[in-house]
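Taking it in order: structure first as structure tokens, then the write-up.
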Amino acid sequence: MPLDFFESINTQYGKRLPFVVYRKPQEDKVKAIFQTDDRLHHLKKFSETGFIFAPFDARHSTILLAPDEFLEISGYEQPANTTKRDVALSTSGREDGAMPMSDKKEKASHIHLIEKGISEITKGTFKKVVLSRQIEMRSTALPLDLFQNLLANYPNAFCYFWYHPKVGLWLGATPEILLMLRNRQLTTMSLAGTQKYAGTENPKWGHKELEEQQLVTDYITDALKDQVDQLSKTKTETVRAGELLHLRTKITGLVEKGNLDAVVKALHPTPAVCGMPKKNAHDFIMDNENYDREFYTGFLGELNLKTCKQRSFRGRNQENQAYRSVVNTTTLYVNLRCMQLKNDKAYLYVGGGITKDSDPEREWEETVAKSSTMLSILG
Ligand SMILES: C=C(O[C@H]1C=CC=C(C(=O)O)[C@@H]1O)C(=O)O
């Protein structure tokens with residue numbers, strides 16, 4: 001049965017028609033949404049239904065895949081014969097998929113960018129800025145194979161393969177929720193601060209990471225205070241994302257019907273991907289990162305999809321009773337740990353939060369560590 005599922009995706013892709021295939025964290029259900037023509041729809045209102053794909057730059061439009069056809073498989077297991085791929089550096093031509101980040105020029109340029117960011121922080125332009133880079137590799141891998149590798153390697157991530165012939169092809173395994181809305185119940189998170197996983201999910205965190213993540217929590221709670229009722233947050237915890245650990249605080253509340261638009265606008269882009277204050281950090285990113293982020297650090301996911309929930313309860317006569325309730329669900333993820341495939345190239349995207357306490361060399365190393373999420377599935 002899974003074969004039929006993946007064959008349908010291959011057929012859709014072969015016809016150059018838009019689709020997305022994805023699996024939510026810790027679920028064994030893989031879902032696909034197919035659009036039956038190649039029109040490019042731009043989202044007008046957050047009351048629409050479908051799968052959305054939004055760029056980092058909120059001034060550019062969000063793409064909506066029309067949910068013409070739904071496909072789903074449960075109990076998905078990775079086929080045993082997942083192959084390793086032909087991947088190499090486009091810059092050096094090496095065939096072994098060796099670390100492209102060791103490229104000295106790339107390192108010097110990223111460190112220079114970080115130093116410039118720190119210097120603006122010292123001047124008071126902003127408190128935090130997230131600075132990123134793009135890594136170009138040669139890859140002839142089949143995207144559906146790469147997606148299956150993501151599924152196998154990142155069970156705790158939102159894994160996706162998104163395609164539109166007029167936009168491009170993206171794959172990712174992100175640990176970050178932008179927001180989840182079930183009827184009126186909102187959940188979002190502040191996710192920031194990074195260290196390598198070294199055998200314990202209970203590590204010590206430094207002042208820089210704690211402050212960097214606190215800034216995100218403060219920003220989100222402040223941005224939502226006029227949009228959301230009963231706003232509350234959990235204790236900050238460590239979460240694992242592949243070979244990395246992050247700090248996370250969950251934030252919940254109740255959203256008025258029809259107010260999703262304002263909530264998304266208030267949140268995106270959060271200081272986990274942009275900075276604080278937002279406008280100054282955004283301007284700095286636009287003027288100084290020497291590439292276009294496009295959909296990296298944007299967001300993607302289901303918008304107003306109806307999901308059925310089977311619930312059981314004890315009725316008055318003490319018998320177990322079951323009923324199905326239909327819930328209107330929106331689940332949007334921040335597009336991190338992702339890559340874009342174009343012709344025979346893979347473009348990987350990695351970044352990190354810069355504060356006054358940042359050490360440029362360590363920040364560089366952090367982007368190297370983050371690149372391993374996508375590099376590991378490339379080969
Ligand atoms: C911007 C990225 O990660 C964000 C999410 C978690 C931790 C981050 C950090 O420690 O800098 C970033 O804010 C990325 O993976 O490219």
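FYI, nothing fancy with the structure tokens labels: chains A, B, ... in order, residues from 1 per chain, ligands from 1 as they appear.
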
Point to revise | Contacts with ligand 1 at most 6 Å, only C-alpha atoms and all ligand atoms counted, listed as an MDAnalysis selection string | key: chainID A and resid 191:194 272:273 336:337 350:353 370

Please return as a short mmCIF file (atom, residue, chain, number, x, y, z; two decimals) with N, CA and C atoms, in the first residue's frame: the residues of stretch 16-250 of chain A that backbone DSSP assigns to strand (DSSP E).
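Written out: part-v1.cif:
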```cif
data_model
loop_
_atom_site.label_atom_id
_atom_site.label_comp_id
_atom_site.auth_asym_id
_atom_site.auth_seq_id
_atom_site.Cartn_x
_atom_site.Cartn_y
_atom_site.Cartn_z
N PHE A 19 1.99 19.81 -5.36
CA PHE A 19 1.58 18.93 -4.26
C PHE A 19 2.47 19.19 -3.05
N VAL A 20 2.02 18.64 -1.92
CA VAL A 20 2.87 18.58 -0.74
C VAL A 20 2.64 17.23 -0.09
N VAL A 21 3.70 16.64 0.42
CA VAL A 21 3.58 15.40 1.18
C VAL A 21 4.32 15.65 2.50
N TYR A 22 3.70 15.25 3.62
CA TYR A 22 4.27 15.64 4.91
C TYR A 22 3.87 14.69 6.02
N ARG A 23 4.67 14.74 7.08
CA ARG A 23 4.35 13.97 8.28
C ARG A 23 4.61 14.85 9.51
N VAL A 30 1.41 9.64 7.06
CA VAL A 30 2.00 10.53 6.07
C VAL A 30 0.85 11.01 5.18
N LYS A 31 0.75 12.32 5.01
CA LYS A 31 -0.37 12.86 4.24
C LYS A 31 0.14 13.57 2.99
N ALA A 32 -0.72 13.60 1.98
CA ALA A 32 -0.36 14.35 0.78
C ALA A 32 -1.57 15.16 0.33
N ILE A 33 -1.30 16.33 -0.20
CA ILE A 33 -2.35 17.17 -0.78
C ILE A 33 -1.94 17.46 -2.22
N PHE A 34 -2.85 17.16 -3.14
CA PHE A 34 -2.58 17.37 -4.58
C PHE A 34 -3.48 18.49 -5.10
N HIS A 41 -1.88 29.92 -6.70
CA HIS A 41 -2.84 30.68 -5.89
C HIS A 41 -2.10 31.44 -4.80
N HIS A 42 -2.46 32.69 -4.64
CA HIS A 42 -1.89 33.47 -3.54
C HIS A 42 -2.94 33.59 -2.44
N GLY A 50 -6.52 25.04 2.84
CA GLY A 50 -5.51 24.40 1.98
C GLY A 50 -4.20 24.22 2.72
N PHE A 51 -3.12 24.20 1.96
CA PHE A 51 -1.78 24.08 2.55
C PHE A 51 -1.02 25.33 2.12
N ILE A 52 -0.52 26.08 3.09
CA ILE A 52 0.14 27.34 2.72
C ILE A 52 1.67 27.25 2.84
N PHE A 53 2.32 28.07 2.03
CA PHE A 53 3.77 28.11 1.97
C PHE A 53 4.15 29.59 1.91
N ALA A 54 4.71 30.10 3.01
CA ALA A 54 4.94 31.55 3.11
C ALA A 54 6.43 31.86 3.13
N ILE A 63 1.79 31.34 -0.71
CA ILE A 63 1.20 30.46 -1.72
C ILE A 63 0.24 29.48 -1.05
N LEU A 64 -0.88 29.27 -1.72
CA LEU A 64 -1.89 28.33 -1.20
C LEU A 64 -2.03 27.17 -2.19
N LEU A 65 -1.79 25.97 -1.70
CA LEU A 65 -2.09 24.80 -2.54
C LEU A 65 -3.55 24.47 -2.32
N GLU A 69 -7.18 17.09 -3.82
CA GLU A 69 -7.18 15.65 -3.47
C GLU A 69 -6.35 15.42 -2.22
N PHE A 70 -6.86 14.56 -1.35
CA PHE A 70 -6.11 14.19 -0.14
C PHE A 70 -5.71 12.73 -0.22
N LEU A 71 -4.52 12.42 0.22
CA LEU A 71 -4.07 11.03 0.31
C LEU A 71 -3.45 10.85 1.69
N GLU A 72 -3.50 9.65 2.21
CA GLU A 72 -2.94 9.46 3.55
C GLU A 72 -2.54 8.00 3.73
N ILE A 73 -1.41 7.75 4.37
CA ILE A 73 -1.11 6.38 4.81
C ILE A 73 -0.77 6.40 6.29
N VAL A 87 26.14 12.87 -4.08
CA VAL A 87 26.14 14.27 -3.68
C VAL A 87 27.57 14.76 -3.60
N ALA A 88 27.80 15.93 -4.06
CA ALA A 88 29.16 16.45 -3.94
C ALA A 88 29.12 17.96 -3.89
N LEU A 89 30.22 18.52 -3.50
CA LEU A 89 30.32 19.96 -3.44
C LEU A 89 30.35 20.53 -4.84
N LYS A 128 18.91 41.73 18.97
CA LYS A 128 19.18 40.39 18.44
C LYS A 128 18.90 40.39 16.95
N VAL A 129 19.74 39.65 16.21
CA VAL A 129 19.47 39.47 14.79
C VAL A 129 19.83 38.03 14.42
N VAL A 130 19.02 37.41 13.56
CA VAL A 130 19.32 36.04 13.12
C VAL A 130 19.96 36.12 11.74
N LEU A 131 21.20 35.64 11.67
CA LEU A 131 21.95 35.75 10.41
C LEU A 131 22.20 34.37 9.82
N SER A 132 22.03 34.30 8.51
CA SER A 132 22.04 32.97 7.89
C SER A 132 22.85 32.96 6.61
N ARG A 133 23.00 31.77 6.09
CA ARG A 133 23.74 31.60 4.83
C ARG A 133 23.15 30.44 4.06
N GLN A 134 23.52 30.41 2.77
CA GLN A 134 23.04 29.36 1.88
C GLN A 134 24.23 28.51 1.48
N ILE A 135 24.05 27.19 1.48
CA ILE A 135 25.14 26.28 1.09
C ILE A 135 24.73 25.60 -0.20
N GLU A 136 25.58 25.72 -1.20
CA GLU A 136 25.24 25.14 -2.50
C GLU A 136 25.98 23.82 -2.67
N MET A 137 25.27 22.78 -3.06
CA MET A 137 25.88 21.47 -3.28
C MET A 137 25.40 20.90 -4.58
N ARG A 138 26.14 19.95 -5.10
CA ARG A 138 25.63 19.23 -6.26
C ARG A 138 24.87 18.02 -5.75
N SER A 139 23.70 17.79 -6.31
CA SER A 139 22.94 16.61 -5.89
C SER A 139 22.08 16.11 -7.03
N PHE A 158 8.70 18.01 11.81
CA PHE A 158 7.70 18.08 10.74
C PHE A 158 8.48 17.92 9.44
N CYS A 159 8.30 16.78 8.76
CA CYS A 159 9.05 16.49 7.54
C CYS A 159 8.15 16.74 6.33
N TYR A 160 8.69 17.43 5.36
CA TYR A 160 7.84 17.73 4.20
C TYR A 160 8.63 17.72 2.89
N PHE A 161 7.88 17.58 1.81
CA PHE A 161 8.37 17.71 0.43
C PHE A 161 7.28 18.51 -0.27
N TRP A 162 7.63 19.72 -0.69
CA TRP A 162 6.65 20.65 -1.28
C TRP A 162 7.08 20.97 -2.70
N TYR A 163 6.13 20.98 -3.62
CA TYR A 163 6.49 21.25 -5.01
C TYR A 163 5.42 22.06 -5.71
N HIS A 164 5.86 23.09 -6.42
CA HIS A 164 4.97 23.79 -7.35
C HIS A 164 5.82 24.12 -8.58
N GLY A 168 9.01 26.05 -7.22
CA GLY A 168 10.20 25.25 -6.94
C GLY A 168 9.89 24.05 -6.08
N LEU A 169 10.98 23.47 -5.58
CA LEU A 169 10.87 22.22 -4.82
C LEU A 169 11.65 22.37 -3.52
N TRP A 170 10.96 22.18 -2.42
CA TRP A 170 11.59 22.34 -1.10
C TRP A 170 11.37 21.09 -0.26
N LEU A 171 12.37 20.80 0.57
CA LEU A 171 12.27 19.68 1.51
C LEU A 171 12.77 20.17 2.86
N GLY A 172 12.23 19.62 3.93
CA GLY A 172 12.73 20.03 5.24
C GLY A 172 12.29 19.11 6.35
N ALA A 173 12.93 19.32 7.51
CA ALA A 173 12.59 18.57 8.73
C ALA A 173 12.72 19.58 9.87
N THR A 174 11.64 20.30 10.11
CA THR A 174 11.74 21.42 11.06
C THR A 174 11.26 21.05 12.47
N ILE A 177 7.29 24.95 15.63
CA ILE A 177 5.90 25.30 15.30
C ILE A 177 5.78 26.81 15.31
N LEU A 178 5.17 27.35 14.26
CA LEU A 178 4.83 28.78 14.33
C LEU A 178 3.55 28.92 15.14
N LEU A 179 2.53 28.15 14.77
CA LEU A 179 1.32 28.11 15.59
C LEU A 179 0.46 26.92 15.23
N MET A 180 -0.31 26.50 16.23
CA MET A 180 -1.26 25.43 16.05
C MET A 180 -2.58 25.95 16.57
N LEU A 181 -3.63 25.81 15.77
CA LEU A 181 -4.94 26.30 16.21
C LEU A 181 -5.97 25.20 16.00
N ARG A 182 -6.59 24.78 17.12
CA ARG A 182 -7.67 23.79 17.04
C ARG A 182 -8.90 24.48 17.56
N GLN A 185 -8.34 27.16 20.32
CA GLN A 185 -7.18 26.90 21.19
C GLN A 185 -5.85 27.07 20.42
N LEU A 186 -5.07 28.03 20.85
CA LEU A 186 -3.79 28.33 20.18
C LEU A 186 -2.60 27.79 20.96
N THR A 187 -1.66 27.18 20.25
CA THR A 187 -0.37 26.83 20.86
C THR A 187 0.73 27.38 19.95
N THR A 188 1.68 28.03 20.57
CA THR A 188 2.85 28.46 19.80
C THR A 188 4.08 28.17 20.66
N MET A 189 5.26 28.51 20.17
CA MET A 189 6.45 28.23 20.97
C MET A 189 7.56 29.24 20.70
N SER A 190 8.37 29.39 21.72
CA SER A 190 9.59 30.15 21.56
C SER A 190 10.71 29.12 21.53
N LEU A 191 11.34 28.98 20.38
CA LEU A 191 12.41 27.98 20.23
C LEU A 191 13.68 28.70 19.81
N ALA A 192 14.70 28.63 20.62
CA ALA A 192 15.97 29.27 20.26
C ALA A 192 17.06 28.72 21.19
N GLY A 193 18.29 29.11 20.92
CA GLY A 193 19.42 28.58 21.69
C GLY A 193 19.74 27.20 21.16
N THR A 194 21.01 26.98 20.88
CA THR A 194 21.41 25.71 20.27
C THR A 194 22.69 25.18 20.90
N GLN A 195 22.74 23.89 21.12
CA GLN A 195 24.01 23.22 21.38
C GLN A 195 23.92 21.82 20.80
N LYS A 196 25.09 21.22 20.61
CA LYS A 196 25.10 19.87 20.04
C LYS A 196 24.63 18.86 21.07
N VAL A 228 -4.95 37.57 22.07
CA VAL A 228 -5.24 36.25 22.60
C VAL A 228 -5.70 36.35 24.06
N ASP A 229 -6.73 35.57 24.41
CA ASP A 229 -7.19 35.52 25.81
C ASP A 229 -6.47 34.40 26.54
N GLN A 230 -6.44 34.49 27.85
CA GLN A 230 -5.89 33.43 28.71
C GLN A 230 -4.49 32.99 28.28
N LEU A 231 -3.67 33.98 27.97
CA LEU A 231 -2.31 33.70 27.53
C LEU A 231 -1.51 33.09 28.67
N SER A 232 -0.86 31.97 28.42
CA SER A 232 0.01 31.43 29.48
C SER A 232 1.18 30.68 28.86
N LYS A 233 2.22 30.47 29.65
CA LYS A 233 3.39 29.78 29.10
C LYS A 233 3.88 28.70 30.06
N GLU A 237 12.12 24.33 28.56
CA GLU A 237 12.70 22.98 28.61
C GLU A 237 13.69 22.80 27.45
N THR A 238 14.48 21.74 27.57
CA THR A 238 15.39 21.40 26.48
C THR A 238 14.70 20.41 25.57
N VAL A 239 14.80 20.64 24.25
CA VAL A 239 14.24 19.66 23.31
C VAL A 239 15.31 19.25 22.31
N ARG A 240 15.20 18.01 21.87
CA ARG A 240 16.17 17.51 20.91
C ARG A 240 15.62 17.61 19.49
N ALA A 241 16.48 18.05 18.57
CA ALA A 241 16.11 18.09 17.15
C ALA A 241 17.28 17.44 16.40
N LEU A 244 20.90 18.07 17.53
CA LEU A 244 20.97 19.37 18.21
C LEU A 244 20.00 19.44 19.37
N LEU A 245 20.29 20.35 20.29
CA LEU A 245 19.35 20.63 21.38
C LEU A 245 18.98 22.11 21.31
N HIS A 246 17.72 22.40 21.65
CA HIS A 246 17.27 23.78 21.72
C HIS A 246 16.53 24.02 23.03
N LEU A 247 16.35 25.31 23.34
CA LEU A 247 15.49 25.69 24.47
C LEU A 247 14.10 26.01 23.93
N ARG A 248 13.08 25.55 24.65
CA ARG A 248 11.72 25.77 24.16
C ARG A 248 10.77 26.14 25.30
N THR A 249 9.95 27.15 25.04
CA THR A 249 8.85 27.49 25.96
C THR A 249 7.57 27.41 25.15
N LYS A 250 6.57 26.68 25.65
CA LYS A 250 5.29 26.62 24.93
C LYS A 250 4.39 27.73 25.43
#
```

Practice task
Find the residues around A:Ser74 up to 6 Å (only C-alpha atoms counted), leave out those fewer than 2 positions away in its own chain, and share them as a ChimeraX atom specification.
Solution key: /A:28-29,76

*Would you please give, as a VMD selection string, all residues of stretch 71-269 of chain A that DSSP assigns to alpha helix (DSSP H) based on the backbone?*
chain A and resid 104 to 123 143 to 153 207 to 224 260 to 267

Filtering to C-alpha atoms, could you give me those residues as a JSON list (two decimals), in the first residue's frame?
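Output file out-v4.json is given in full below:
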```
[["chain", "number", "residue", "atom", "x", "y", "z"],
["A", 104, "LYS", "CA", 37.38, 29.18, 3.88],
["A", 105, "LYS", "CA", 35.81, 31.92, 1.81],
["A", 106, "GLU", "CA", 32.34, 31.04, 2.99],
["A", 107, "LYS", "CA", 33.48, 31.00, 6.58],
["A", 108, "ALA", "CA", 35.27, 34.35, 6.32],
["A", 109, "SER", "CA", 32.23, 35.94, 4.74],
["A", 110, "HIS", "CA", 29.80, 34.58, 7.35],
["A", 111, "ILE", "CA", 32.05, 35.62, 10.23],
["A", 112, "HIS", "CA", 32.29, 39.10, 8.71],
["A", 113, "LEU", "CA", 28.47, 39.26, 8.59],
["A", 114, "ILE", "CA", 28.22, 38.19, 12.24],
["A", 115, "GLU", "CA", 30.79, 40.80, 13.30],
["A", 116, "LYS", "CA", 28.80, 43.46, 11.47],
["A", 117, "GLY", "CA", 25.66, 42.28, 13.29],
["A", 118, "ILE", "CA", 27.39, 42.45, 16.68],
["A", 119, "SER", "CA", 28.66, 45.93, 15.88],
["A", 120, "GLU", "CA", 25.07, 47.10, 15.17],
["A", 121, "ILE", "CA", 23.97, 45.55, 18.47],
["A", 122, "THR", "CA", 26.69, 47.55, 20.25],
["A", 123, "LYS", "CA", 25.42, 50.72, 18.53],
["A", 143, "PRO", "CA", 13.56, 14.13, -4.05],
["A", 144, "LEU", "CA", 11.15, 11.41, -2.99],
["A", 145, "ASP", "CA", 14.08, 9.29, -1.76],
["A", 146, "LEU", "CA", 15.35, 12.28, 0.19],
["A", 147, "PHE", "CA", 11.93, 12.77, 1.72],
["A", 148, "GLN", "CA", 11.81, 9.13, 2.79],
["A", 149, "ASN", "CA", 15.23, 9.61, 4.39],
["A", 150, "LEU", "CA", 13.87, 12.58, 6.30],
["A", 151, "LEU", "CA", 10.96, 10.50, 7.56],
["A", 152, "ALA", "CA", 13.32, 7.79, 8.77],
["A", 153, "ASN", "CA", 15.84, 10.10, 10.42],
["A", 207, "HIS", "CA", 23.92, 32.91, 29.53],
["A", 208, "LYS", "CA", 23.97, 33.79, 25.81],
["A", 209, "GLU", "CA", 21.53, 31.00, 24.85],
["A", 210, "LEU", "CA", 19.24, 31.59, 27.83],
["A", 211, "GLU", "CA", 18.99, 35.29, 27.05],
["A", 212, "GLU", "CA", 18.60, 34.70, 23.31],
["A", 213, "GLN", "CA", 15.64, 32.40, 23.91],
["A", 214, "GLN", "CA", 14.10, 34.62, 26.62],
["A", 215, "LEU", "CA", 14.02, 37.46, 24.10],
["A", 216, "VAL", "CA", 11.90, 35.30, 21.81],
["A", 217, "THR", "CA", 9.51, 34.33, 24.64],
["A", 218, "ASP", "CA", 9.12, 37.97, 25.68],
["A", 219, "TYR", "CA", 8.49, 39.06, 22.12],
["A", 220, "ILE", "CA", 5.83, 36.40, 21.52],
["A", 221, "THR", "CA", 3.94, 37.01, 24.78],
["A", 222, "ASP", "CA", 4.01, 40.75, 24.16],
["A", 223, "ALA", "CA", 2.93, 40.40, 20.50],
["A", 224, "LEU", "CA", 0.00, 38.16, 21.47],
["A", 260, "LEU", "CA", -5.95, 34.19, 12.84],
["A", 261, "ASP", "CA", -4.73, 36.75, 10.34],
["A", 262, "ALA", "CA", -3.76, 39.18, 13.11],
["A", 263, "VAL", "CA", -2.11, 36.42, 15.15],
["A", 264, "VAL", "CA", 0.08, 35.31, 12.24],
["A", 265, "LYS", "CA", 0.99, 38.93, 11.47],
["A", 266, "ALA", "CA", 1.91, 39.50, 15.11],
["A", 267, "LEU", "CA", 4.12, 36.42, 15.22]]
```

Quote the spacing between atom CA of A:Lys345 and atom CA of A:Ala141 in Å to one decimal place.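 Between these atoms lies a distance of 9.5 Å.
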